[in-house]
Structures are given as C-alpha cells and as structure tokens.
Amino acid sequence: MKQRISNIQKIYKEGVRLLADAGIEEADIDAWYLLEHVSGLTRAAYYAHPDLELDEEQETAYFAHVRRRARRVPLQHITGEQEFMGYPFYVNEHVLIPRQDTELLVEEALGVLAHGMRILDMCTGSGCILLSLLKAGRERQHIEGLDGTGTDISPEALAVAEHNARRLLGGRRTEEEAGSFTFCRGDLFENTEGKYDLIVSNPPYIKTQDIKKLQKEVRCHDPYIALDGREDGLHYYRRIAAESTTHIADGGHLLFETGHDQAEAVCALLEQAGYEGIFVKKDLAGLDRVVGGSYNRTCTGQ
Ligand code: GLN
C-alpha cells in the first residue's frame with residue numbers, strides 16, 4: 001500500500017515539486033490553491049500548524065488534482081471557480097475563464113451606468129461581465145432598476161451564466177432588489193428584444209491561425225468558440241458594430257474588450273457604424289484593452 005504523507009507541509013511541498021517538475025510556472029501558487037480547495041485551510045492555519053494532518057480522502061483528492069493540473073488542466077476547472085471583480089464565478093469547460101483584463105471593461109461600463117438602464121452583454125459566457133455590472137452597479141453605486149440581458153450561442157455556457165446569476169444575485173427577486181436579468185441563446189442579436197442603453201462585449205477575438213500558439217491551458221481547455229475571431233480576429237467586432245445600430249438606444253454606449261493590437265481597427269469599425277466619442281483605454285500593462293463609443297440618432301439621422 002502507498003505510504004501516506006498526511007502532514008500538510010509535506011503534502012504541499014510534494015504538490016509544488018510535482019507541478020514544478022511538470023513545468024507549471026506558478027507551481028507554488030497552484031499547489032497552494034489546490035490544498036486550500038481540498039482542505040478549506042487558510043494560509044494562517046497552515047503556517048500556525050504545518051504538522052496538521054489531512055485525512056486520507058483529502059490527501060488522495062489533493063494528489064488527484066495536482067496530477068490533473070500537471071497535465072495542464074486549468075486550476076479553475078479543478079476548483080470550479082474564478083474570482084472576477086471581487087465576486088466568485090463558477091466556471092467549467094463550456095465557458096471562457098474570466099480574465100483580469102476584462103475587469104477594465106466592467107470598470108468603464110460602470111462609469112456610464114445610470115438608473116433604469118437596459119444592458120446587453122453579447123457573448124456572455126460565464127456571465128461575468130453582465131452579473132458584475134448588475135451587482136456592482138447596485139451594491140457599490142446604488143443604481144436601481146437595471147435590466148440585463150446576456151446572450152450566447154452556447155446553451156452550455158448559458159447554463160453556467162444562469163447558475164452564476166442565481167448564486168450572485170440570489171435568483172429572480174424584484175427589480176428594485178436585484179435588477180432583472182435574462183439570458184437568451186442566439187447568434188449575436190438574433191433573439192434580443194428592443195433597444196439597449198449599454199451594449200458590452202468581450203467577443204472571441206483571437207485570429208484562427210494564432211490559436212495554436214496559445215498556452216495549452218487556453219488552447220485545449222477554454223472553449224474554441226470563445227476564442228476564435230476568424231481569419232483576422234475581427235469577425236465579431238465587425239458584425240456587432242454594424243448590427244448594433246438597430247439595437248442601441250439613442251445616446252446608448254457600446255463598449256468592447258479588444259486584443260492589444262486591435263483597438264485601431266475596432267475604432268474604425270465603430271466610426272463606420274456611426275458611433276461618436278470613440279475612445280481607447282489601456283490596461284494595467286499599458287496595452288490597449290477597451291474601445292467604446294456612443295450612438296446618437298439625431299446626429300446620424302437614423
Ligand atoms: N464574456 C465572457 C468573458 O468575458 C466570455 C467571453 C467569450 O467567450 N469570448 O469572460
């Protein structure tokens with residue numbers, strides 16, 4: 001029978017070694033999150049009692065998780081969670097794992113949010129953008145009566161978004177309490193209804209030929225359809241910018257996350273579609289990350 005290690009310090013160190021040997025970059029961090037996931041231990045408890053023992057089931061689970069991580073399964077698919085805007089999001093293989101870069105899009109959107117707005121999150125995936133906007137809009141900015149719609153072509157992704165909505169917004173309460181939300185399946189605007197004051201999207205934007213260059217965790221475990229922006233990476237920006245003009249309210253805002261080298265092209269698409277006040281925001285790394293503009297029918301004559 002395999003000898004157990006049991007002492008948490010030794011277990012953790014063995015986890016770090018296995019992940020480092022497998023070439024996982026942040027082996028110590030990942031090994032820690034997996035230990036926390038199986039044991040519920042805090043770092044403070046770990047340092048205070050390094051000789052604490054895990055029970056056999058937890059130890060077995062820990063090393064099973066470490067082996068999956070060593071095979072490049074993303075940490076978030078093992079723990080089932082990714083924090084975004086300070087909120088915990090459930091994730092699985094059907095949705096893009098929310099990225100920290102995308103928080104900039106939410107911050108910019110929070111900047112234009114106002115009472116009673118209708119918000120559309122195109123390609124919602126886990127729902128991270130829409131749900132953060134509804135929750136932070138209400139709890140941090142005290143904005144009431146928001147109405148959010150998230151669309152995605154993938155029914156499996158929408159099931160994840162619905163799950164996150166129940167978890168974060170506590171089910172369909174009254175509009176005053178939680179803001180109302182709907183998820184609808186469709187090809188972009190296909191099944192959306194009425195006009196929206198704010199349209200946000202982090203669409204798939206990787207050029208098809210670049211997908212093979214991404215790290216294995218992304219290439220093999222994020223959904224392909226969440227990544228693939230077709231030949232020049234701009235397919236969805238092109239469609240959303242053009243199609244949005246019949247779905248956006250007068251004076252409404254359209255905000256995109258873009259790849260670091262796409263802002264100029266996306267600005268041009270917004271301009272072509274008749275948007276005004278077009279701007280680019282850089283992320284913490286100094287890279288172009290968010291492009292936005294507003295739509296004014298009285299000026300465009302539409
Ligand atoms: N809106 C989701 C996110 O930003 C999913 C994006 C996508 O699938 N391309 O995480």
# chains A, B, ... in the order shown; residues from 1 in each chain; ligands from 1
>>> residues_near_ligand(ligand="ligand 1", cutoff="7 Å", atoms="only C-alpha atoms and all ligand atoms", output="PyMOL selection string")
chain A and resi 95-99+102+123-129+201-204+226-227
>>> select_by_dssp(residues="stretch 39-279 of chain A", states="alpha helix (DSSP H)", output="PyMOL selection string")
chain A and resi 39+43-48+56-70+75-79+103-112+128-139+155-169+175-178+216-221+224-227+235-244+263-273
>>> closest_atom_pairs(of="stretch 80-176 of chain A", to="stretch 184-195 of chain A", cutoff="10 Å", atoms="only C-alpha atoms", output="CSV")
residue,atom,partner,partner_atom,distance
A:Arg118,CA,A:Lys195,CA,7.7
A:Ile119,CA,A:Lys195,CA,9.1
A:Leu120,CA,A:Thr192,CA,8.6
A:Asp121,CA,A:Leu188,CA,9.8
A:Met122,CA,A:Leu188,CA,6.4
A:Cys123,CA,A:Leu188,CA,7.2
A:Thr124,CA,A:Cys184,CA,9.7
A:Thr149,CA,A:Cys184,CA,7.3
A:Gly150,CA,A:Cys184,CA,6.3
A:Thr151,CA,A:Cys184,CA,4.9
A:Asp152,CA,A:Arg185,CA,5.2
A:Ile153,CA,A:Gly186,CA,4.9
A:Ser154,CA,A:Arg185,CA,6.9
A:Pro155,CA,A:Arg185,CA,6.5
A:Glu156,CA,A:Arg185,CA,9.9
A:Ala157,CA,A:Arg185,CA,9.5
A:Leu158,CA,A:Arg185,CA,7.3
>>> residues_around(residues="stretch 211-217 of chain A", least_positions_apart="3", cutoff="8 Å", atoms="only C-alpha atoms", output="PDB file with N, CA and C atoms, in the first residue's frame")
ATOM      1  N   ARG A  72      -1.908  20.091 -17.341  1.00  0.00           N
ATOM      2  CA  ARG A  72      -2.291  21.401 -17.895  1.00  0.00           C
ATOM      3  C   ARG A  72      -3.777  21.705 -17.865  1.00  0.00           C
ATOM      4  N   VAL A  73      -4.525  20.951 -17.076  1.00  0.00           N
ATOM      5  CA  VAL A  73      -5.927  21.334 -16.868  1.00  0.00           C
ATOM      6  C   VAL A  73      -5.883  22.632 -16.060  1.00  0.00           C
ATOM      7  N   PRO A  74      -6.591  23.691 -16.494  1.00  0.00           N
ATOM      8  CA  PRO A  74      -6.519  24.956 -15.740  1.00  0.00           C
ATOM      9  C   PRO A  74      -6.967  24.762 -14.284  1.00  0.00           C
ATOM     10  N   ILE A 206      -9.341  36.041 -31.058  1.00  0.00           N
ATOM     11  CA  ILE A 206      -8.023  35.537 -31.462  1.00  0.00           C
ATOM     12  C   ILE A 206      -8.093  35.132 -32.945  1.00  0.00           C
ATOM     13  N   LYS A 207      -7.058  35.513 -33.705  1.00  0.00           N
ATOM     14  CA  LYS A 207      -7.019  35.074 -35.106  1.00  0.00           C
ATOM     15  C   LYS A 207      -6.928  33.554 -35.114  1.00  0.00           C
ATOM     16  N   THR A 208      -7.657  32.920 -36.035  1.00  0.00           N
ATOM     17  CA  THR A 208      -7.672  31.446 -36.071  1.00  0.00           C
ATOM     18  C   THR A 208      -6.251  30.878 -36.089  1.00  0.00           C
ATOM     19  N   CYS A 220      -6.362  24.168 -25.223  1.00  0.00           N
ATOM     20  CA  CYS A 220      -7.053  22.871 -25.102  1.00  0.00           C
ATOM     21  C   CYS A 220      -8.223  22.886 -24.133  1.00  0.00           C
ATOM     22  N   HIS A 221      -8.341  23.902 -23.300  1.00  0.00           N
ATOM     23  CA  HIS A 221      -9.374  23.830 -22.263  1.00  0.00           C
ATOM     24  C   HIS A 221     -10.398  24.968 -22.279  1.00  0.00           C
ATOM     25  N   ASP A 222     -10.024  26.156 -22.784  1.00  0.00           N
ATOM     26  CA  ASP A 222     -11.064  27.175 -22.972  1.00  0.00           C
ATOM     27  C   ASP A 222     -11.845  26.752 -24.214  1.00  0.00           C
ATOM     28  N   LEU A 227     -12.799  31.633 -28.299  1.00  0.00           N
ATOM     29  CA  LEU A 227     -11.515  32.228 -28.668  1.00  0.00           C
ATOM     30  C   LEU A 227     -11.483  32.708 -30.110  1.00  0.00           C
ATOM     31  N   ASP A 228     -12.076  31.935 -31.005  1.00  0.00           N
ATOM     32  CA  ASP A 228     -11.860  32.097 -32.439  1.00  0.00           C
ATOM     33  C   ASP A 228     -12.550  33.320 -33.046  1.00  0.00           C
TER      34      ASP A 228
END
>>> closest_residue(among="A:Gly286, A:Gly80, A:Gly251, A:Gly292", to="A:Ala263", atoms="only C-alpha atoms")
A:Gly292
>>> closest_residue(among="A:Ala31, A:Val291, A:Ile278, A:Ile248", to="A:His260", atoms="only C-alpha atoms")
A:Val291
>>> closest_residue(among="A:Pro50, A:Gly15, A:Gly116, A:Gly40", to="A:Val66", atoms="only C-alpha atoms")
A:Gly15
>>> residues_around(residues="A:Ala64", least_positions_apart="6", cutoff="10 Å", atoms="only C-alpha atoms", output="ChimeraX atom specification")
/A:58,70,78
>>> select_by_dssp(residues="stretch 53-170 of chain A", states="strand (DSSP E)", output="PyMOL selection string")
chain A and resi 81-84+87-90+118-122+147-152
>>> residues_around(residues="A:Ala241", least_positions_apart="5", cutoff="12 Å", atoms="only C-alpha atoms", output="ChimeraX atom specification")
/A:122,188-189,199-201,203,234-236,246-248,253-256,265-275,291-295
>>> atom_distance(atom1="atom CA of A:His115", atom2="atom CA of A:Leu131")
16.0 Å
>>> residues_around(residues="A:Ala114", least_positions_apart="6", cutoff="9 Å", atoms="only C-alpha atoms", output="JSON, numbers by chain")
{"A": [137, 143, 144, 146]}
>>> write_last_selection(atoms="N, CA and C atoms", output="tab-separated table (two decimals), in the first residue's frame")
chain	number	residue	atom	x	y	z
A	137	GLY	N	-23.17	47.59	-9.79
A	137	GLY	CA	-23.99	48.78	-10.06
A	137	GLY	C	-24.92	49.03	-8.89
A	143	ILE	N	-27.24	52.03	-7.97
A	143	ILE	CA	-28.03	52.29	-9.18
A	143	ILE	C	-29.19	51.29	-9.20
A	144	GLU	N	-30.37	51.81	-9.42
A	144	GLU	CA	-31.55	50.94	-9.33
A	144	GLU	C	-32.19	50.68	-10.69
A	146	LEU	N	-31.85	48.33	-12.94
A	146	LEU	CA	-31.10	47.87	-14.11
A	146	LEU	C	-31.75	46.61	-14.66
>>> closest_residue(among="A:Phe63, A:Tyr46, A:Tyr237, A:Phe279", to="A:Asn7", atoms="only C-alpha atoms")
A:Tyr46
>>> decode(residues="stretch 222-235 of chain A", atoms="all heavy atoms", output="compact mmCIF listing (two decimals), in the first residue's frame")
# COMPACT_ATOMS: atom_id res chain seq x y z
N ASP A 222 -10.02 26.16 -22.78
CA ASP A 222 -11.06 27.17 -22.97
C ASP A 222 -11.85 26.75 -24.21
O ASP A 222 -11.27 26.16 -25.13
CB ASP A 222 -10.44 28.57 -23.19
CG ASP A 222 -10.18 29.30 -21.88
OD1 ASP A 222 -11.05 29.22 -20.98
OD2 ASP A 222 -9.13 29.95 -21.76
N PRO A 223 -13.15 27.04 -24.28
CA PRO A 223 -13.91 26.61 -25.46
C PRO A 223 -13.38 27.29 -26.73
O PRO A 223 -13.16 28.50 -26.73
CB PRO A 223 -15.34 27.10 -25.17
CG PRO A 223 -15.35 27.55 -23.76
CD PRO A 223 -13.95 27.81 -23.33
N TYR A 224 -13.19 26.51 -27.77
CA TYR A 224 -12.65 27.04 -29.02
C TYR A 224 -13.51 28.20 -29.54
O TYR A 224 -12.99 29.22 -29.97
CB TYR A 224 -12.58 25.90 -30.05
CG TYR A 224 -11.88 26.28 -31.33
CD1 TYR A 224 -10.49 26.21 -31.44
CD2 TYR A 224 -12.60 26.74 -32.43
CE1 TYR A 224 -9.84 26.57 -32.61
CE2 TYR A 224 -11.96 27.11 -33.60
CZ TYR A 224 -10.58 27.02 -33.68
OH TYR A 224 -9.95 27.40 -34.84
N ILE A 225 -14.83 28.03 -29.45
CA ILE A 225 -15.71 29.09 -29.99
C ILE A 225 -15.62 30.39 -29.18
O ILE A 225 -16.04 31.44 -29.65
CB ILE A 225 -17.21 28.69 -30.13
CG1 ILE A 225 -17.79 28.23 -28.79
CG2 ILE A 225 -17.42 27.70 -31.23
CD1 ILE A 225 -19.32 28.25 -28.81
N ALA A 226 -15.11 30.31 -27.97
CA ALA A 226 -14.95 31.53 -27.16
C ALA A 226 -13.68 32.28 -27.54
O ALA A 226 -13.49 33.43 -27.14
CB ALA A 226 -14.92 31.17 -25.68
N LEU A 227 -12.80 31.63 -28.30
CA LEU A 227 -11.52 32.23 -28.67
C LEU A 227 -11.48 32.71 -30.11
O LEU A 227 -10.94 33.76 -30.41
CB LEU A 227 -10.39 31.18 -28.50
CG LEU A 227 -10.20 30.55 -27.14
CD1 LEU A 227 -9.19 29.40 -27.23
CD2 LEU A 227 -9.73 31.58 -26.12
N ASP A 228 -12.08 31.93 -31.01
CA ASP A 228 -11.86 32.10 -32.44
C ASP A 228 -12.55 33.32 -33.05
O ASP A 228 -13.77 33.33 -33.24
CB ASP A 228 -12.34 30.82 -33.15
CG ASP A 228 -12.03 30.86 -34.64
OD1 ASP A 228 -11.16 31.65 -35.03
OD2 ASP A 228 -12.66 30.10 -35.39
N GLY A 229 -11.74 34.31 -33.37
CA GLY A 229 -12.26 35.53 -34.01
C GLY A 229 -12.14 35.49 -35.52
O GLY A 229 -12.14 36.54 -36.15
N ARG A 230 -11.98 34.27 -36.06
CA ARG A 230 -11.85 34.02 -37.51
C ARG A 230 -10.54 34.63 -38.04
O ARG A 230 -9.66 34.97 -37.29
CB ARG A 230 -13.06 34.54 -38.28
CG ARG A 230 -14.39 34.12 -37.66
CD ARG A 230 -14.81 32.74 -38.08
NE ARG A 230 -16.06 32.37 -37.40
CZ ARG A 230 -17.27 32.50 -37.95
NH1 ARG A 230 -17.39 32.97 -39.18
NH2 ARG A 230 -18.34 32.13 -37.27
N GLU A 231 -10.49 34.73 -39.39
CA GLU A 231 -9.21 34.97 -40.05
C GLU A 231 -8.40 36.16 -39.49
O GLU A 231 -7.23 36.03 -39.18
CB GLU A 231 -9.45 35.15 -41.55
CG GLU A 231 -8.16 34.98 -42.34
CD GLU A 231 -8.40 35.10 -43.82
OE1 GLU A 231 -9.55 34.91 -44.25
OE2 GLU A 231 -7.42 35.40 -44.52
N ASP A 232 -9.04 37.32 -39.37
CA ASP A 232 -8.28 38.48 -38.88
C ASP A 232 -8.60 38.84 -37.43
O ASP A 232 -8.16 39.86 -36.92
CB ASP A 232 -8.51 39.71 -39.78
CG ASP A 232 -9.95 40.19 -39.75
OD1 ASP A 232 -10.79 39.53 -39.09
OD2 ASP A 232 -10.25 41.22 -40.37
N GLY A 233 -9.36 37.97 -36.77
CA GLY A 233 -9.68 38.20 -35.35
C GLY A 233 -10.79 39.21 -35.13
O GLY A 233 -11.26 39.43 -34.01
N LEU A 234 -11.25 39.85 -36.22
CA LEU A 234 -12.19 40.97 -36.07
C LEU A 234 -13.63 40.62 -36.44
O LEU A 234 -14.51 41.50 -36.42
CB LEU A 234 -11.74 42.15 -36.94
CG LEU A 234 -10.36 42.73 -36.63
CD1 LEU A 234 -9.95 43.75 -37.69
CD2 LEU A 234 -10.35 43.38 -35.24
N HIS A 235 -13.87 39.36 -36.77
CA HIS A 235 -15.18 38.94 -37.28
C HIS A 235 -16.34 39.44 -36.41
O HIS A 235 -17.30 40.03 -36.91
CB HIS A 235 -15.21 37.42 -37.37
CG HIS A 235 -16.53 36.86 -37.77
ND1 HIS A 235 -16.94 36.81 -39.08
CD2 HIS A 235 -17.57 36.35 -37.05
CE1 HIS A 235 -18.15 36.30 -39.15
NE2 HIS A 235 -18.56 36.00 -37.92
